[in-house]
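Participant: Enclosed is the structure file coords.txt (compact mmCIF, C-alpha atoms).
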# COMPACT_ATOMS: atom_id res chain seq x y z
CA MET P 25 -41.71 -4.44 15.61
CA TYR P 26 -39.30 -4.67 12.67
CA ASN P 27 -38.56 -8.33 13.30
CA LEU P 28 -40.29 -10.69 10.94
CA LYS P 29 -41.60 -13.97 12.32
CA MET P 30 -39.12 -15.91 10.24
CA PHE P 31 -36.24 -14.39 12.19
CA LYS P 32 -37.65 -15.88 15.41
CA SER P 33 -36.17 -19.15 14.19
CA PHE P 34 -32.75 -17.44 14.31
CA GLU P 35 -32.81 -17.86 18.05
CA PRO P 36 -29.21 -18.28 19.21
CA ASN P 37 -30.10 -20.99 21.75
CA LYS P 38 -31.42 -23.33 19.06
CA ILE P 39 -28.72 -22.39 16.55
CA PHE P 40 -25.90 -22.90 19.07
CA ILE P 41 -26.88 -26.51 19.75
CA ILE P 42 -27.16 -27.30 16.02
CA ILE P 43 -23.86 -25.67 15.01
CA SER P 44 -21.94 -27.19 17.92
CA LYS P 45 -22.87 -30.64 16.69
CA ALA P 46 -22.57 -29.84 12.95
CA GLN P 47 -18.90 -28.81 13.06
CA LYS P 48 -17.38 -32.28 13.32
CA TYR P 49 -19.57 -33.63 10.49
CA VAL P 50 -18.68 -30.70 8.23
CA LEU P 51 -14.96 -31.17 9.04
CA PHE P 52 -15.19 -34.88 8.23
CA LEU P 53 -17.01 -34.21 4.95
CA PHE P 54 -14.55 -31.44 4.04
CA VAL P 55 -11.52 -33.73 4.52
CA ILE P 56 -13.09 -36.42 2.31
CA VAL P 57 -14.18 -34.03 -0.47
CA LEU P 58 -10.83 -32.18 -0.39
CA THR P 59 -8.89 -35.46 -0.65
CA ILE P 60 -10.94 -36.56 -3.68
CA GLY P 61 -10.61 -33.06 -5.16
CA LEU P 62 -6.82 -32.99 -4.74
CA ILE P 63 -6.42 -36.43 -6.36
CA GLU P 64 -8.62 -35.33 -9.28
CA ALA P 65 -6.94 -31.92 -9.62
CA LEU P 66 -3.30 -33.01 -9.27
CA ILE P 67 -3.26 -36.51 -10.75
CA LEU P 68 -6.35 -37.57 -12.71
CA SER P 69 -7.34 -34.44 -14.62
CA PRO P 70 -5.61 -33.91 -17.98
CA GLU P 71 -3.12 -31.18 -18.77
CA ASP P 72 -4.21 -28.28 -20.99
CA TYR P 73 -3.07 -28.33 -24.63
CA LYS P 74 -1.93 -24.70 -24.37
CA GLN P 75 -1.01 -24.16 -20.72
CA SER P 76 0.21 -27.69 -20.02
CA GLU P 77 0.32 -28.72 -16.31
CA VAL P 78 0.19 -25.15 -15.01
CA VAL P 79 -3.56 -25.17 -15.69
CA ARG P 80 -3.95 -27.17 -12.44
CA ILE P 81 -3.61 -23.90 -10.52
CA MET P 82 -7.15 -23.19 -11.81
CA TYR P 83 -8.49 -25.80 -9.34
CA VAL P 84 -7.52 -23.64 -6.37
CA HIS P 85 -7.60 -20.18 -7.95
CA VAL P 86 -11.11 -20.24 -9.45
CA PRO P 87 -13.02 -21.78 -6.48
CA ALA P 88 -11.24 -19.37 -4.10
CA ALA P 89 -12.28 -16.38 -6.24
CA TRP P 90 -15.89 -17.66 -6.57
CA ILE P 91 -16.26 -18.19 -2.83
CA ALA P 92 -14.63 -14.85 -1.93
CA LEU P 93 -17.18 -13.14 -4.20
CA GLY P 94 -20.07 -15.24 -2.89
CA ILE P 95 -19.22 -14.49 0.74
CA PHE P 96 -18.90 -10.76 0.10
CA SER P 97 -22.28 -10.75 -1.67
CA SER P 98 -23.73 -12.54 1.39
CA LEU P 99 -22.18 -9.89 3.66
CA ALA P 100 -23.94 -7.20 1.65
CA PHE P 101 -27.34 -8.99 1.77
CA LEU P 102 -26.99 -9.65 5.51
CA SER P 103 -26.01 -6.02 6.09
CA VAL P 104 -29.07 -4.78 4.21
CA GLY P 105 -31.14 -7.26 6.23
CA SER P 106 -29.65 -6.07 9.51
CA PHE P 107 -30.49 -2.44 8.54
CA VAL P 108 -34.04 -3.19 7.37
CA PHE P 109 -35.10 -5.70 10.05
CA LYS P 110 -32.92 -4.25 12.87
CA ASN P 111 -31.75 -7.79 13.57
CA LYS P 112 -28.33 -7.92 15.25
CA HIS P 113 -27.93 -11.65 14.61
CA LEU P 114 -27.68 -10.97 10.88
CA SER P 115 -24.64 -8.75 11.47
CA LEU P 116 -23.21 -11.45 13.76
CA ILE P 117 -23.64 -13.99 10.93
CA ALA P 118 -21.96 -11.55 8.52
CA LYS P 119 -19.10 -10.99 10.97
CA SER P 120 -18.58 -14.77 11.21
CA LEU P 121 -18.50 -15.19 7.43
CA ALA P 122 -15.95 -12.45 6.74
CA PRO P 123 -12.66 -14.12 7.86
CA SER P 124 -12.97 -17.07 5.49
CA GLY P 125 -14.04 -14.72 2.66
CA PHE P 126 -10.92 -12.62 3.23
CA VAL P 127 -8.65 -15.68 3.25
CA PHE P 128 -10.25 -16.96 0.01
CA ASN P 129 -9.71 -13.52 -1.55
CA ILE P 130 -6.01 -13.62 -0.60
CA ILE P 131 -5.71 -17.19 -1.93
CA ALA P 132 -7.26 -16.06 -5.24
CA LEU P 133 -4.81 -13.15 -5.52
CA VAL P 134 -1.71 -15.16 -4.58
CA THR P 135 -2.49 -18.24 -6.69
CA GLY P 136 -3.47 -15.93 -9.56
CA SER P 137 -0.11 -14.23 -9.26
CA ILE P 138 1.68 -17.62 -9.28
CA TRP P 139 -0.39 -18.64 -12.35
CA GLY P 140 0.38 -15.32 -14.05
CA LYS P 141 4.17 -15.78 -14.10
CA PRO P 142 4.35 -18.84 -16.43
CA THR P 143 1.30 -17.85 -18.55
CA TRP P 144 1.61 -14.05 -18.90
CA GLY P 145 5.28 -13.69 -17.96
CA THR P 146 4.53 -11.48 -14.95
CA TRP P 147 3.62 -11.92 -11.29
CA TRP P 148 1.34 -8.88 -11.28
CA ALA P 149 -0.46 -6.61 -13.76
CA TRP P 150 -2.86 -3.74 -13.10
CA ASP P 151 -5.45 -5.65 -15.08
CA ALA P 152 -9.16 -4.84 -14.48
CA ARG P 153 -9.99 -8.26 -12.94
CA ILE P 154 -6.90 -8.40 -10.70
CA THR P 155 -7.24 -4.78 -9.57
CA SER P 156 -10.95 -5.17 -8.75
CA MET P 157 -10.14 -8.35 -6.76
CA LEU P 158 -7.47 -6.37 -4.87
CA ILE P 159 -10.09 -3.69 -4.13
CA LEU P 160 -12.38 -6.45 -2.78
CA ALA P 161 -9.56 -7.57 -0.45
CA VAL P 162 -9.25 -3.96 0.77
CA PHE P 163 -13.01 -3.90 1.52
CA TYR P 164 -12.70 -7.23 3.37
CA GLY P 165 -9.76 -5.78 5.32
CA MET P 166 -11.70 -2.63 6.24
CA TYR P 167 -14.72 -4.73 7.26
CA LEU P 168 -12.67 -6.97 9.57
CA LEU P 169 -10.63 -4.08 10.99
CA SER P 170 -13.80 -2.12 11.82
CA TRP P 171 -15.02 -4.97 14.04
CA ARG P 172 -11.69 -4.82 15.88
CA ILE P 173 -11.40 -1.04 16.13
CA TYR P 174 -14.86 0.12 17.23
CA GLU P 175 -16.17 -0.77 20.69
CA ASP P 176 -19.68 0.69 20.34
CA LYS P 177 -21.90 -2.14 19.02
CA GLU P 178 -24.47 0.11 17.28
CA LYS P 179 -21.71 2.12 15.61
CA VAL P 180 -19.73 -0.90 14.43
CA ILE P 181 -22.85 -2.52 12.91
CA LYS P 182 -23.58 0.68 10.96
CA ILE P 183 -19.97 1.09 9.77
CA THR P 184 -19.45 -2.54 8.75
CA SER P 185 -22.84 -2.64 7.00
CA LEU P 186 -21.90 0.47 5.06
CA ILE P 187 -18.55 -1.06 4.06
CA ALA P 188 -20.27 -4.30 2.94
CA ILE P 189 -22.92 -2.47 0.90
CA LEU P 190 -20.35 -0.11 -0.69
CA GLY P 191 -17.99 -3.03 -1.39
CA ALA P 192 -20.80 -4.99 -3.03
CA THR P 193 -20.85 -2.46 -5.89
CA ASN P 194 -17.42 -3.89 -6.78
CA VAL P 195 -18.79 -7.44 -7.16
CA PRO P 196 -20.46 -6.94 -10.60
CA ILE P 197 -17.36 -5.00 -11.69
CA ILE P 198 -15.23 -8.07 -10.89
CA LYS P 199 -17.69 -10.39 -12.64
CA PHE P 200 -18.01 -8.35 -15.85
CA SER P 201 -14.51 -6.77 -15.91
CA VAL P 202 -13.37 -9.35 -18.47
CA ASP P 203 -16.26 -8.37 -20.79
CA TRP P 204 -16.17 -4.60 -20.24
CA TRP P 205 -12.41 -4.06 -20.63
CA ASN P 206 -9.54 -5.61 -22.55
CA THR P 207 -7.82 -7.58 -19.85
CA LEU P 208 -5.20 -10.29 -19.61
CA HIS P 209 -7.92 -12.59 -18.25
CA GLN P 210 -9.91 -14.67 -20.70
CA PRO P 211 -13.72 -14.13 -20.83
CA SER P 212 -15.86 -16.30 -18.51
CA SER P 213 -15.57 -20.00 -19.35
CA ILE P 214 -18.50 -21.08 -17.19
CA ASN P 215 -21.97 -19.57 -17.10
CA ILE P 216 -24.26 -20.93 -14.40
CA LEU P 217 -27.30 -19.61 -16.28
CA SER P 218 -26.52 -21.59 -19.41
CA THR P 219 -25.37 -25.09 -20.25
CA ASN P 220 -22.69 -23.74 -22.57
CA THR P 221 -19.27 -24.05 -21.03
CA ALA P 222 -15.85 -23.72 -22.59
CA ILE P 223 -14.33 -26.25 -20.19
CA HIS P 224 -14.26 -29.99 -20.90
CA THR P 225 -15.98 -32.31 -18.40
CA SER P 226 -12.61 -33.87 -17.45
CA MET P 227 -11.62 -30.47 -16.04
CA LEU P 228 -15.09 -29.38 -14.95
CA VAL P 229 -15.48 -32.34 -12.55
CA PRO P 230 -12.33 -31.59 -10.46
CA LEU P 231 -13.23 -27.91 -10.54
CA GLY P 232 -16.68 -28.75 -9.14
CA ILE P 233 -15.26 -31.04 -6.45
CA MET P 234 -12.67 -28.45 -5.36
CA THR P 235 -15.40 -25.78 -5.26
CA ALA P 236 -17.50 -28.06 -3.04
CA ALA P 237 -14.47 -28.64 -0.75
CA PHE P 238 -13.79 -24.90 -0.49
CA ALA P 239 -17.48 -24.22 0.21
CA LEU P 240 -17.44 -26.83 2.99
CA PHE P 241 -14.34 -25.22 4.47
CA SER P 242 -15.99 -21.80 4.50
CA ILE P 243 -19.06 -23.35 6.20
CA LEU P 244 -16.80 -24.99 8.80
CA ILE P 245 -14.99 -21.73 9.61
CA PHE P 246 -18.32 -19.90 9.69
CA LEU P 247 -19.77 -22.41 12.19
CA MET P 248 -16.72 -22.16 14.47
CA LYS P 249 -16.63 -18.37 14.27
CA TYR P 250 -20.38 -18.01 14.85
CA ASN P 251 -20.08 -20.36 17.82
CA THR P 252 -17.32 -18.13 19.24
CA GLU P 253 -19.44 -15.00 18.72
CA LEU P 254 -22.43 -16.54 20.51
CA ILE P 255 -20.23 -17.51 23.48
CA LYS P 256 -18.90 -13.92 23.56
CA VAL P 257 -22.51 -12.68 23.79
CA LYS P 258 -23.20 -15.15 26.60
CA ASN P 259 -20.00 -14.10 28.39
CA LYS P 260 -21.33 -10.54 28.43
CA GLY P 261 -24.65 -11.92 29.70
CA LEU P 262 -22.88 -13.54 32.68
CA ASP P 263 -21.29 -10.17 33.52
CA ARG P 264 -24.76 -8.68 33.88
CA LEU P 265 -25.93 -11.32 36.40
CA MET Y 13 5.17 -41.45 -12.33
CA ILE Y 14 6.07 -39.81 -9.01
CA ASN Y 15 8.72 -37.71 -10.77
CA GLU Y 16 6.17 -36.63 -13.39
CA ILE Y 17 3.73 -35.54 -10.68
CA ILE Y 18 6.45 -33.62 -8.87
CA SER Y 19 7.96 -31.93 -11.93
CA MET Y 20 4.61 -31.22 -13.69
CA ASN Y 21 6.39 -30.74 -17.04
CA GLY Y 22 8.68 -28.15 -15.50
CA TYR Y 23 5.82 -26.22 -13.88
CA GLY Y 24 6.02 -28.08 -10.55
CA ALA Y 25 7.31 -25.07 -8.61
CA TYR Y 26 4.29 -23.00 -9.68
CA VAL Y 27 1.64 -25.70 -9.23
CA TRP Y 28 2.93 -27.01 -5.90
CA SER Y 29 3.49 -23.55 -4.44
CA ALA Y 30 -0.11 -22.53 -5.36
CA PHE Y 31 -1.57 -25.68 -3.74
CA SER Y 32 0.76 -25.42 -0.72
CA PHE Y 33 -0.17 -21.78 -0.14
CA THR Y 34 -3.87 -22.72 -0.24
CA LEU Y 35 -3.50 -25.64 2.19
CA ILE Y 36 -1.27 -23.65 4.59
CA SER Y 37 -3.85 -20.82 4.56
CA PHE Y 38 -6.63 -23.33 5.33
CA THR Y 39 -4.68 -24.91 8.19
CA THR Y 40 -3.73 -21.56 9.70
CA LEU Y 41 -7.29 -20.20 9.50
CA TYR Y 42 -8.70 -23.41 10.99
CA PHE Y 43 -6.34 -23.45 13.98
CA VAL Y 44 -6.60 -19.70 14.64
CA THR Y 45 -10.43 -19.96 14.62
CA LYS Y 46 -10.32 -23.08 16.83
CA LEU Y 47 -7.98 -21.32 19.27
CA HIS Y 48 -10.35 -18.34 19.56
CA LEU Y 49 -13.28 -20.70 20.16
CA LEU Y 50 -11.45 -22.62 22.91
CA LYS Y 51 -10.29 -19.37 24.53
CA GLU Y 52 -13.84 -18.03 24.64
CA GLN Y 53 -15.17 -21.35 26.02
CA LYS Y 54 -12.53 -21.30 28.78
CA ARG Y 55 -13.37 -17.67 29.61
CA PHE Y 56 -17.05 -18.62 29.86
CA ALA Y 57 -16.29 -21.58 32.16
CA ALA Y 58 -14.12 -19.39 34.40
CA LYS Y 59 -16.82 -16.70 34.65
CA PHE Y 60 -19.49 -19.31 35.32
CA GLY Y 61 -17.35 -20.84 38.05
CA SER Y 62 -17.05 -17.50 39.81
CA LEU Y 63 -20.85 -16.96 39.97
CA ASN Y 64 -22.63 -17.32 43.30
CA GLU Y 65 -25.10 -20.19 43.70
CA ASP Y 66 -28.25 -18.18 42.85
CA ASN Y 67 -26.78 -16.59 39.74
CA ALA Y 68 -25.35 -19.94 38.61
CA ARG Y 69 -28.84 -21.46 38.94
CA VAL Y 70 -30.36 -18.63 36.86
CA ALA Y 71 -27.62 -18.99 34.23
CA ARG Y 72 -28.13 -22.76 34.08
CA LEU Y 73 -31.79 -22.24 33.10
CA GLN Y 74 -30.64 -21.21 29.61
CA SER Y 75 -30.01 -24.23 27.39
CA ILE Y 76 -27.23 -22.42 25.48
CA ASN Y 77 -25.27 -21.92 28.72
CA ARG Y 78 -25.62 -25.62 29.57
CA GLU Y 79 -24.44 -26.49 26.04
CA ILE Y 80 -21.38 -24.22 26.30
CA LEU Y 81 -20.49 -25.78 29.66
CA SER Y 82 -20.86 -29.30 28.33
CA ASN Y 83 -18.53 -28.44 25.43
CA THR Y 84 -16.08 -26.80 27.82
CA SER Y 85 -15.86 -29.93 29.94
CA ASN Y 86 -14.41 -31.70 26.88
CA ILE Y 87 -11.49 -29.26 26.59
Would you mind writing the structure in this file as structure tokens?
Facilitator:
Amino acid sequence: MYNLKMFKSFEPNKIFIIISKAQKYVLFLFVIVLTIGLIEALILSPEDYKQSEVVRIMYVHVPAAWIALGIFSSLAFLSVGSFVFKNKHLSLIAKSLAPSGFVFNIIALVTGSIWGKPTWGTWWAWDARITSMLILAVFYGMYLLSWRIYEDKEKVIKITSLIAILGATNVPIIKFSVDWWNTLHQPSSINILSTNTAIHTSMLVPLGIMTAAFALFSILIFLMKYNTELIKVKNKGLDRL
Amino acid sequence: MINEIISMNGYGAYVWSAFSFTLISFTTLYFVTKLHLLKEQKRFAAKFGSLNEDNARVARLQSINREILSNTSNI
């Protein structure tokens, strides 16, 4: 009754066949884009006039942070969708997205810490942006742990959805923390809604390529994880025969 | 040139450790996810193998089950 017609196309049988075949192509594309990205980021892109070569950390730190935020926002939308449309596949999709989001969040925190030492003189500061990213990692952790802890499917969907929706309130805080508070972080250099960017094209290109590589990696992990989840469902189906 | 790339104006330790951490995280996540997928495929194949003839025929009617089995045969 609550299912919309559009969700009929989310039939696992059809999706399984597509994602099984898509994985190798995504892996191939990821390796190519990552290789180009690494050459651009580590060799071809220029050093910064202020930060010198250490600016290259930006090419892993920024895409990781963007994708961690993007994935968590997706978790929240999928959770709302799973509540509204009572569609369990949406929570399965969210569950499959979460591990790569968590890893990207950790990468953003660790590479940010490594970048902080030579630029700010410290590995860690309780700065608004860093603290809100740490809170996001805690939400990711709680989300993933809930799937492991709770056995009851209905209960776990409710709990994880609640965590994702609550955690999503932190996403705008992360985004605007550099504007709302005085932080060690500089204000946003790139605005997707405007053509004005504070970064030169020679640095913007490797940043774009590395972001594409990271996005492909998150798609690859999602496909593999979703595949695993569908097989788990089918394993339970065999038990019922 | 190689020395310049390695030393990165004295920031090599920071730059290389950031990139290494990222690539190690990617590799670990990829292999852990792959391992879980293979484990689940093997479990499915084992369960399918233990089904009686009638149940196996019913299970084979679903295209997703046939797809899982065809992937499992490649392991």
Participant: Calculate how many Å separate CA of Phe43 in chain Y from CA of Ile245 in chain P, rounding to one decimal.
Facilitator: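 So the answer is 9.8 Å.
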Participant: Compute the set of chain Y residues within 9 Å of chain P, using all atoms listed in the file, and express it as a PyMOL selection string.
Facilitator: chain Y and resi 17+20-24+26-31+33-34+37-38+41-42+45-46+48-53+55-56+59-60+63+67-68+70-71+74-77+79-80+83
Participant: Please measure the separation of CA of Lys54 in chain Y and CA of Tyr174 in chain P, giving the value in Å to one decimal.
Facilitator: 24.4 Å
Participant: Which residue is closest to Ser185 in chain P? Choose from P:Pro70, P:Pro87, P:Gly61, P:Gly105 and count all atoms listed in the file.
Facilitator: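 That would be P:Gly105, the residue with the smallest distance to Ser185 in chain P.
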Participant: Find the distance between CA of Tyr73 in chain P and CA of Trp147 in chain P and write it in Å to one decimal.
Facilitator: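 Those two atoms sit 22.2 Å apart.
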Participant: Which residue, P:Phe109, P:Tyr164, P:Leu240, P:Asn206, has the smallest gap to Phe52 in chain P when you use only C-alpha atoms?
Facilitator: P:Leu240
Participant: Using all atoms listed in the file and a cutoff of 10 Å, can you tell me which residues are near (-6.1, -9.4, -20.0) in the file's coordinates, and write them out as an MDAnalysis selection string?
Facilitator: chainID P and resid 144 149:154 201:202 205:211
